[in-house]
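Pasting start-v2.csv here (CSV, C-alpha atoms):
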chain,number,residue,atom,x,y,z
Z,1,MET,CA,0.0,0.0,0.0
Z,2,LYS,CA,1.6,3.2,-1.1
Z,3,THR,CA,1.4,6.3,1.1
Z,4,PHE,CA,-0.1,9.5,0.0
Z,5,GLU,CA,3.2,11.2,-0.6
Z,6,GLU,CA,4.3,8.3,-2.9
Z,7,ARG,CA,1.1,8.4,-4.9
Z,8,TYR,CA,1.3,12.3,-4.9
Z,9,THR,CA,4.8,12.2,-6.3
Z,10,ALA,CA,3.8,9.6,-8.9
Z,11,TRP,CA,0.8,11.7,-9.9
Z,12,ILE,CA,3.0,14.8,-10.5
Z,13,ASP,CA,5.4,12.7,-12.5
Z,14,GLY,CA,2.5,11.2,-14.5
Z,15,GLN,CA,3.1,7.7,-13.5
Z,16,LEU,CA,-0.5,7.0,-12.3
Z,17,THR,CA,-2.8,5.5,-14.8
Z,18,GLY,CA,-6.3,4.0,-15.0
Z,19,ALA,CA,-8.4,3.3,-12.0
Z,20,GLU,CA,-5.5,4.3,-9.7
Z,21,LEU,CA,-5.3,7.7,-11.4
Z,22,ALA,CA,-9.0,8.3,-11.2
Z,23,ALA,CA,-9.2,7.3,-7.6
Z,24,PHE,CA,-6.3,9.5,-6.6
Z,25,GLU,CA,-7.6,12.6,-8.5
Z,26,LYS,CA,-10.9,12.1,-6.7
Z,27,GLU,CA,-8.9,12.1,-3.5
Z,28,LEU,CA,-7.2,15.3,-4.6
Z,29,GLU,CA,-10.4,17.3,-4.8
Z,30,THR,CA,-9.8,18.2,-1.2
Z,31,GLN,CA,-6.4,19.5,-2.1
Z,32,PRO,CA,-7.0,22.8,-4.1
Z,33,HIS,CA,-3.2,23.6,-4.5
Z,34,ALA,CA,-2.3,20.2,-6.0
Z,35,ALA,CA,-2.7,21.4,-9.6
Z,36,LEU,CA,-0.5,24.4,-8.9
Z,37,ASP,CA,2.2,22.2,-7.3
Z,38,ARG,CA,2.1,19.9,-10.3
Z,39,THR,CA,2.5,22.8,-12.7
Z,40,GLU,CA,5.5,24.3,-10.7
Z,41,ALA,CA,7.2,21.0,-10.5
Z,42,HIS,CA,6.9,20.5,-14.3
Z,43,GLN,CA,8.3,24.0,-14.8
Z,44,LEU,CA,11.2,23.4,-12.5
Z,45,GLY,CA,12.0,20.1,-14.2
Z,46,ASP,CA,12.0,21.8,-17.6
Z,47,LEU,CA,14.3,24.5,-16.2
Z,48,LEU,CA,16.8,22.1,-14.8
Z,49,ARG,CA,16.8,20.0,-18.0
Z,50,THR,CA,17.4,23.2,-20.0
Z,51,HIS,CA,20.3,24.5,-17.8
Z,52,ARG,CA,22.1,21.3,-16.6
Z,53,THR,CA,25.4,23.1,-15.8
Z,54,ALA,CA,26.2,26.4,-14.0
Z,55,PRO,CA,27.2,29.3,-16.2
Z,56,THR,CA,31.0,29.7,-16.5
Z,57,LEU,CA,32.5,32.9,-15.0
Z,58,ILE,CA,34.6,34.6,-17.6
Z,59,ASN,CA,36.2,37.1,-15.1
Z,60,ALA,CA,36.2,35.1,-11.8
Z,61,ASP,CA,38.9,37.2,-10.1
Z,62,PHE,CA,37.1,40.4,-10.8
Z,63,PHE,CA,33.9,38.9,-9.5
Z,64,SER,CA,35.7,37.8,-6.3
Z,65,LEU,CA,37.2,41.2,-5.8
Z,66,GLN,CA,33.9,43.0,-6.3
Z,67,LEU,CA,32.4,40.5,-3.8
Z,68,GLN,CA,35.1,41.2,-1.2
Z,69,GLN,CA,34.8,44.9,-1.6
Z,70,ARG,CA,31.1,44.8,-1.1
Z,71,ILE,CA,31.5,42.6,1.9
Z,72,ALA,CA,34.1,45.0,3.4
Z,73,ALA,CA,31.9,48.0,2.7
Z,74,GLU,CA,28.9,46.4,4.3
Z,75,THR,CA,30.9,45.1,7.4
Z,76,PRO,CA,30.9,47.6,10.2
Z,77,GLN,CA,34.5,48.8,11.1
Z,78,PRO,CA,35.7,48.4,14.7
Z,79,ARG,CA,36.3,51.6,16.6
Z,80,ARG,CA,39.9,52.8,16.7
Z,81,THR,CA,41.6,53.4,19.9
Z,82,GLU,CA,41.6,56.8,21.4
Z,83,SER,CA,45.4,57.1,21.3
Z,84,ARG,CA,45.5,56.6,17.6
Z,85,GLU,CA,42.7,59.0,17.0
Z,86,ASN,CA,44.6,61.6,19.0
Z,87,GLY,CA,47.7,61.0,16.8
Z,88,GLY,CA,49.8,59.3,19.5
Z,89,GLY,CA,50.3,56.1,17.6
Z,90,PHE,CA,52.1,53.0,19.1
Z,91,TRP,CA,55.1,55.0,20.3
Z,92,SER,CA,53.8,56.7,23.4
Z,93,ILE,CA,56.3,58.4,25.8
Z,94,SER,CA,56.3,55.5,28.2
Z,95,ARG,CA,56.8,52.9,25.5
Z,96,LEU,CA,59.7,55.0,24.1
Z,97,LEU,CA,61.3,55.1,27.5
Z,98,TRP,CA,61.0,51.3,27.9
Z,99,ALA,CA,62.3,50.7,24.4
Z,100,GLY,CA,65.3,52.9,25.1
Z,101,ALA,CA,66.1,51.2,28.4
Z,102,ALA,CA,65.7,47.7,26.8
Z,103,SER,CA,68.1,48.8,24.0
Z,104,LEU,CA,70.7,49.9,26.5
Z,105,VAL,CA,70.4,46.6,28.4
Z,106,VAL,CA,70.8,44.6,25.1
Z,107,ALA,CA,73.8,46.8,24.2
Z,108,GLY,CA,75.4,46.2,27.5
Z,109,ILE,CA,74.9,42.5,27.5
Z,110,SER,CA,76.2,42.4,23.9
Z,111,TYR,CA,79.3,44.4,24.9
Z,112,VAL,CA,80.1,42.2,27.9
Z,113,THR,CA,79.5,38.9,26.0
Z,114,LEU,CA,80.7,39.7,22.5
Z,115,VAL,CA,83.5,42.3,22.7
Z,116,PRO,CA,86.8,40.6,23.4
Z,117,THR,CA,88.7,42.2,26.2
Z,118,ALA,CA,92.4,42.0,27.1
Z,119,ALA,CA,93.4,39.0,29.1
Z,120,PRO,CA,93.7,39.7,32.8
Z,121,THR,CA,97.2,40.7,33.4
Z,122,ILE,CA,99.1,40.1,36.6
Z,123,PRO,CA,100.2,43.5,37.9
Z,124,VAL,CA,104.0,43.6,37.7
Z,125,GLU,CA,105.7,45.8,40.1
Z,126,PRO,CA,108.7,47.6,38.9
Z,127,SER,CA,111.6,45.4,39.7
Z,128,ASN,CA,115.2,46.4,40.6
Z,129,TYR,CA,116.4,43.0,39.6
Z,130,PHE,CA,119.3,43.2,37.2
Z,131,ALA,CA,121.5,40.2,36.3
Z,132,GLN,CA,122.7,39.3,32.9
Z,133,VAL,CA,124.8,36.7,31.4
Z,134,VAL,CA,126.8,38.3,28.6
Z,135,GLU,CA,128.4,35.2,27.3
Z,136,ALA,CA,129.3,31.7,28.5
Z,137,TRP,CA,132.0,29.3,27.3
Z,138,PRO,CA,131.8,25.7,28.5
Z,139,SER,CA,135.2,24.1,28.9
Z,140,ASP,CA,134.1,20.8,27.6
Z,141,PRO,CA,132.0,20.0,24.5
Z,142,SER,CA,129.9,17.7,26.6
Z,143,ILE,CA,128.8,20.6,28.7
Z,144,SER,CA,126.2,23.0,27.5
Z,145,ALA,CA,125.6,26.5,29.0
Z,146,THR,CA,122.3,28.2,28.4
Z,147,THR,CA,121.1,31.5,29.8
Z,148,VAL,CA,117.6,31.2,31.1
Z,149,TYR,CA,115.7,34.4,31.9
Z,150,ASN,CA,112.0,34.2,32.8
Z,151,PRO,CA,110.5,37.7,32.8
Z,152,GLN,CA,107.6,36.4,34.9
Z,153,ASP,CA,109.9,35.2,37.7
Z,154,ASN,CA,112.6,37.8,36.9
Z,155,LEU,CA,115.5,35.6,37.5
Z,156,THR,CA,118.6,35.0,35.4
Z,157,VAL,CA,120.0,31.5,35.5
Z,158,LEU,CA,123.1,30.1,33.7
Z,159,TRP,CA,121.8,26.6,33.1
Z,160,LEU,CA,124.6,24.0,32.8
Z,161,ASP,CA,123.9,20.6,31.5
Z,162,GLY,CA,126.2,17.6,31.0
Z,163,LEU,CA,128.0,17.9,34.3
Z,164,ASP,CA,129.1,14.9,36.3
Z,165,TYR,CA,126.8,13.7,39.0
Z,166,MET,CA,127.9,14.4,42.5
Z,167,PRO,CA,126.9,12.3,45.5
Z,168,SER,CA,125.1,14.3,48.2
Z,169,GLU,CA,127.4,12.8,50.8
Z,170,GLN,CA,130.1,15.1,49.7
Z,171,LEU,CA,128.1,18.1,50.7
Z,172,ALA,CA,128.4,19.7,54.1
Z,173,LEU,CA,124.9,21.0,54.4
Z,174,GLN,CA,124.4,23.8,56.9
S,1,MET,CA,68.0,52.2,35.3
S,2,PHE,CA,70.0,54.8,33.5
S,3,VAL,CA,72.1,55.5,36.5
S,4,ARG,CA,73.0,51.8,36.8
S,5,LEU,CA,73.9,51.6,33.2
S,6,LEU,CA,76.0,54.8,33.2
S,7,PRO,CA,79.3,53.0,34.2
S,8,LEU,CA,78.7,50.5,31.5
S,9,LEU,CA,78.4,53.2,28.9
S,10,LEU,CA,81.5,54.9,30.2
S,11,LEU,CA,83.4,51.7,30.0
S,12,ALA,CA,82.2,51.1,26.5
S,13,ALA,CA,83.5,54.5,25.5
S,14,LEU,CA,87.0,53.8,26.7
S,15,PRO,CA,89.6,52.3,24.4
S,16,LEU,CA,90.5,48.7,25.3
S,17,ASP,CA,94.0,49.5,26.3
S,18,ALA,CA,93.2,52.5,28.4
S,19,ALA,CA,92.8,50.5,31.6
S,20,GLU,CA,96.3,49.1,31.3
S,21,PRO,CA,98.9,51.0,33.1
S,22,ALA,CA,101.6,52.5,31.0
S,23,ALA,CA,104.8,50.7,31.2
S,24,THR,CA,107.2,52.7,33.4
S,25,PRO,CA,110.9,52.2,33.4
S,26,PRO,CA,112.2,50.6,36.6
S,27,ALA,CA,113.1,53.3,39.1
S,28,VAL,CA,116.8,53.8,39.6
S,29,ASP,CA,117.8,53.3,43.2
S,30,LYS,CA,120.4,55.9,44.0
S,31,LYS,CA,121.5,54.0,47.1
S,32,SER,CA,122.8,51.2,44.9
S,33,ALA,CA,125.5,53.3,43.4
S,34,LEU,CA,129.0,51.9,43.7
S,35,ARG,CA,130.7,52.6,47.0
S,36,GLU,CA,133.7,51.4,48.9
S,37,GLY,CA,133.4,48.1,50.6
S,38,ASP,CA,131.3,46.2,48.1
S,39,LYS,CA,131.6,42.5,48.4
S,40,ILE,CA,130.8,39.5,46.2
S,41,TRP,CA,129.0,36.7,48.0
S,42,SER,CA,128.9,33.3,46.5
S,43,GLY,CA,126.9,30.4,47.8
S,44,LEU,CA,126.6,26.7,47.0
S,45,VAL,CA,123.0,25.7,47.4
S,46,TYR,CA,121.6,22.2,47.4
S,47,ALA,CA,118.1,22.2,45.9
S,48,SER,CA,115.9,19.2,46.5
S,49,ASN,CA,112.4,18.2,47.3
S,50,ASP,CA,111.4,17.3,50.8
S,51,PRO,CA,108.0,16.6,52.4
S,52,SER,CA,108.8,19.1,55.1
S,53,PRO,CA,111.1,21.6,53.5
S,54,LYS,CA,113.4,23.7,55.7
S,55,ASP,CA,113.5,27.5,55.5
S,56,PRO,CA,115.9,28.8,52.8
S,57,PRO,CA,119.0,30.6,53.9
S,58,ALA,CA,118.6,34.3,54.6
S,59,GLU,CA,120.5,35.3,51.4
S,60,LEU,CA,117.8,33.5,49.3
S,61,ARG,CA,114.8,34.2,51.3
S,62,ASP,CA,113.5,36.8,48.9
S,63,PHE,CA,114.0,34.6,45.9
S,64,ALA,CA,112.8,31.3,47.3
S,65,PRO,CA,109.3,31.4,45.7
S,66,ARG,CA,110.8,32.2,42.3
S,67,LEU,CA,113.5,29.5,42.7
S,68,LYS,CA,110.8,27.0,43.5
S,69,ARG,CA,109.0,27.8,40.3
S,70,VAL,CA,112.2,28.0,38.1
S,71,PHE,CA,114.0,24.9,39.4
S,72,GLY,CA,111.0,22.8,40.6
S,73,TYR,CA,112.4,22.1,44.1
S,74,ASN,CA,110.9,23.1,47.4
S,75,GLN,CA,114.0,23.1,49.6
S,76,PHE,CA,117.1,25.1,49.3
S,77,GLN,CA,120.0,24.4,51.7
S,78,LEU,CA,123.2,26.2,51.9
S,79,ALA,CA,126.1,23.9,51.4
S,80,GLY,CA,128.8,26.5,51.6
S,81,SER,CA,129.5,30.2,51.0
S,82,ALA,CA,132.3,32.6,50.5
S,83,VAL,CA,132.7,36.4,50.5
S,84,LYS,CA,135.3,38.5,48.8
S,85,MET,CA,135.9,42.2,49.0
S,86,ILE,CA,136.0,43.9,45.7
S,87,ASP,CA,139.4,45.5,45.7
S,88,ASN,CA,141.2,47.7,43.2
S,89,ASP,CA,142.5,44.9,41.0
S,90,GLY,CA,139.1,43.1,41.3
S,91,GLU,CA,140.6,39.7,40.9
S,92,GLY,CA,140.3,36.8,43.3
S,93,TRP,CA,138.9,33.5,44.3
S,94,LEU,CA,135.7,32.4,45.9
S,95,VAL,CA,135.8,29.0,47.5
S,96,PRO,CA,132.3,28.2,48.8
S,97,SER,CA,133.1,24.5,49.2
S,98,LYS,CA,136.0,22.1,49.0
S,99,ASN,CA,134.9,20.8,45.6
S,100,PHE,CA,133.8,24.0,43.9
S,101,TRP,CA,135.5,27.4,43.5
S,102,LEU,CA,135.2,30.4,41.3
S,103,SER,CA,137.7,32.7,39.8
S,104,VAL,CA,136.3,36.2,39.8
S,105,LYS,CA,137.4,39.4,38.1
S,106,ALA,CA,135.1,42.3,38.8
S,107,ARG,CA,134.9,45.6,36.9
S,108,ARG,CA,132.5,48.3,37.6
S,109,ALA,CA,129.6,48.3,35.0
S,110,VAL,CA,129.2,51.7,33.3
S,111,SER,CA,125.8,51.1,31.9
S,112,LYS,CA,123.0,53.0,33.6
S,113,GLU,CA,120.8,50.0,33.9
S,114,ALA,CA,123.5,48.2,35.9
S,115,ARG,CA,122.8,50.7,38.8
S,116,GLY,CA,126.2,50.5,40.3
S,117,GLY,CA,126.7,46.8,39.5
S,118,TYR,CA,129.7,44.9,38.2
S,119,LEU,CA,130.7,43.1,35.1
S,120,LEU,CA,132.1,39.9,36.3
S,121,SER,CA,134.4,37.5,34.5
S,122,LEU,CA,133.8,34.2,36.1
S,123,ALA,CA,135.3,30.7,35.8
S,124,LEU,CA,133.7,27.9,37.7
S,125,TYR,CA,135.8,25.0,38.7
S,126,HIS,CA,134.9,21.5,40.0
S,127,ASP,CA,137.7,19.6,41.7
S,128,ASN,CA,140.4,21.5,39.9
S,129,ARG,CA,138.7,21.2,36.5
S,130,GLN,CA,137.2,24.2,34.8
S,131,ILE,CA,133.6,23.8,33.9
S,132,VAL,CA,132.6,27.0,32.4
S,133,GLU,CA,133.8,30.5,31.9
S,134,THR,CA,131.3,33.4,31.6
S,135,GLU,CA,130.9,37.1,31.7
S,136,ALA,CA,127.9,38.4,33.6
S,137,LYS,CA,126.5,41.6,34.9
S,138,LEU,CA,125.4,41.8,38.5
S,139,ALA,CA,123.9,44.5,40.6
S,140,PRO,CA,123.3,44.7,44.4
S,141,GLY,CA,120.1,42.8,45.2
S,142,SER,CA,120.2,41.0,41.9
S,143,PRO,CA,121.9,37.6,42.3
S,144,LEU,CA,122.9,35.4,39.4
S,145,PHE,CA,122.1,31.7,39.6
S,146,ILE,CA,124.1,28.9,38.0
S,147,ARG,CA,122.5,25.5,37.8
S,148,GLY,CA,125.2,23.1,38.5
S,149,PRO,CA,125.4,19.3,38.5
S,150,ALA,CA,122.9,16.8,39.7
S,151,CYS,CA,123.5,15.9,43.3
S,152,GLY,CA,121.7,13.3,45.3
S,153,LYS,CA,118.0,13.7,44.5
S,154,GLY,CA,118.4,17.3,43.6
S,155,HIS,CA,120.7,19.8,42.0
S,156,LEU,CA,123.5,22.1,43.1
S,157,LEU,CA,123.0,25.8,42.5
S,158,PHE,CA,125.7,28.5,42.6
S,159,VAL,CA,124.6,31.9,43.7
S,160,LEU,CA,126.6,35.1,43.1
S,161,GLN,CA,125.4,38.3,44.7
S,162,VAL,CA,126.9,41.8,45.2
S,163,GLN,CA,126.6,42.9,48.8
S,164,GLN,CA,127.1,46.3,50.2

What does the file become when written as structure tokens?
Amino acid sequence: MKTFEERYTAWIDGQLTGAELAAFEKELETQPHAALDRTEAHQLGDLLRTHRTAPTLINADFFSLQLQQRIAAETPQPRRTESRENGGGFWSISRLLWAGAASLVVAGISYVTLVPTAAPTIPVEPSNYFAQVVEAWPSDPSISATTVYNPQDNLTVLWLDGLDYMPSEQLALQ
Amino acid sequence: MFVRLLPLLLLAALPLDAAEPAATPPAVDKKSALREGDKIWSGLVYASNDPSPKDPPAELRDFAPRLKRVFGYNQFQLAGSAVKMIDNDGEGWLVPSKNFWLSVKARRAVSKEARGGYLLSLALYHDNRQIVETEAKLAPGSPLFIRGPACGKGHLLFVLQVQQ
């Protein structure tokens, strides 16, 4: 048993015939807008069959731009802040001060971390030490004599190598 | 904030070498000028390492820390010493021990930097055998050190110093 909606759709589409059509049209006498619905449905079907695809936009970008401009024009603009309306802008006095202080801090940190400084030097007091070896002549080729002067320790040493070992028992330590 | 950063800004404005003191020539001690009665002191020092090092001799007390660094020993014991007056001819012998002695000829150094010191012609002998001959400049308070032979577990050092 078909429902009323199924038989109504079939009637609009012209699929009811014979006794079934007659019985349903008798039933439709109580529906005065049925004939108008059927006419509009046929017109809509004819329209869709005539224009099966959407029309191609020749200038799609221009259409999009126009659409965006119209949307922007119809959209209410947010209120600007009072400082901007007064001409103060982002750089207010307090912000300028903070930006200046921050720049100085960054410059200071960069100076301390990036600028190479001289290596810490040990303060050297003026010394009165004066001793020099002008020349040295070893008496044996197996002996070498080298002058050693260390500015840091400020001592002059005539460094002899190749000498005979001497037992400590021969010393008379005081 | 700005007050705290002011020293940093001033430091940044300085040239890098401004903080280093200018090199000054060593002051000339007028008291060290040559005078009558100058002596040459020589010492034979045994340098060694000891867990409980003894105090260095008085003549080396001022130089002990530097001797430790230069020679690597922590104990310096006097094994002998000798003193000679610097007379007119300037020649003589220093015999700090029975095994070592030095022939010394001293002349007054004329250079300003010598500060009243002497130009010494030295010859070091070990058991009647000459080891080395040298010419050296010495000034009061500025001893010359000679690293001698290995001895025991250390080394022998010869010290020559002008005394006033």

Practice task
Give me, as an MDAnalysis selection string, the contact residues of chain Z against chain S at a cut-off of 6 Å, counting all atoms listed in the file.
Solution key: chainID Z and resid 126 129:139 153 156:160 163 165:168 172:174

Practice task
Could you check how far atom CA of Ile86 of chain S sits from atom CA of Glu59 of chain S, in Å to one decimal?
Solution key: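 Atom-to-atom, atom CA of Ile86 of chain S and atom CA of Glu59 of chain S are spaced 18.6 Å apart.
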
Handout entry: Pairwise distance for atom CA of Asn74 of chain S and atom CA of Arg61 of chain S, rounded to one decimal in Å
Key =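 Computing it gives 12.4 Å between the two atoms.
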
Practice task
Calculate how many Å separate atom CA of Ala41 of chain Z from atom CA of Thr3 of chain Z, rounding to one decimal.
Solution key: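 Atom-to-atom, atom CA of Ala41 of chain Z to atom CA of Thr3 of chain Z, that is 19.6 Å.
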
Handout entry: All residues 8 Å or closer to Leu94 of chain S, all atoms listed in the file, same chain fewer than 5 positions away omitted, as a list in words
Key = Ser42, Ala82, Val83, Lys84, Trp101, Leu102, Ser103 and Val104 of chain S
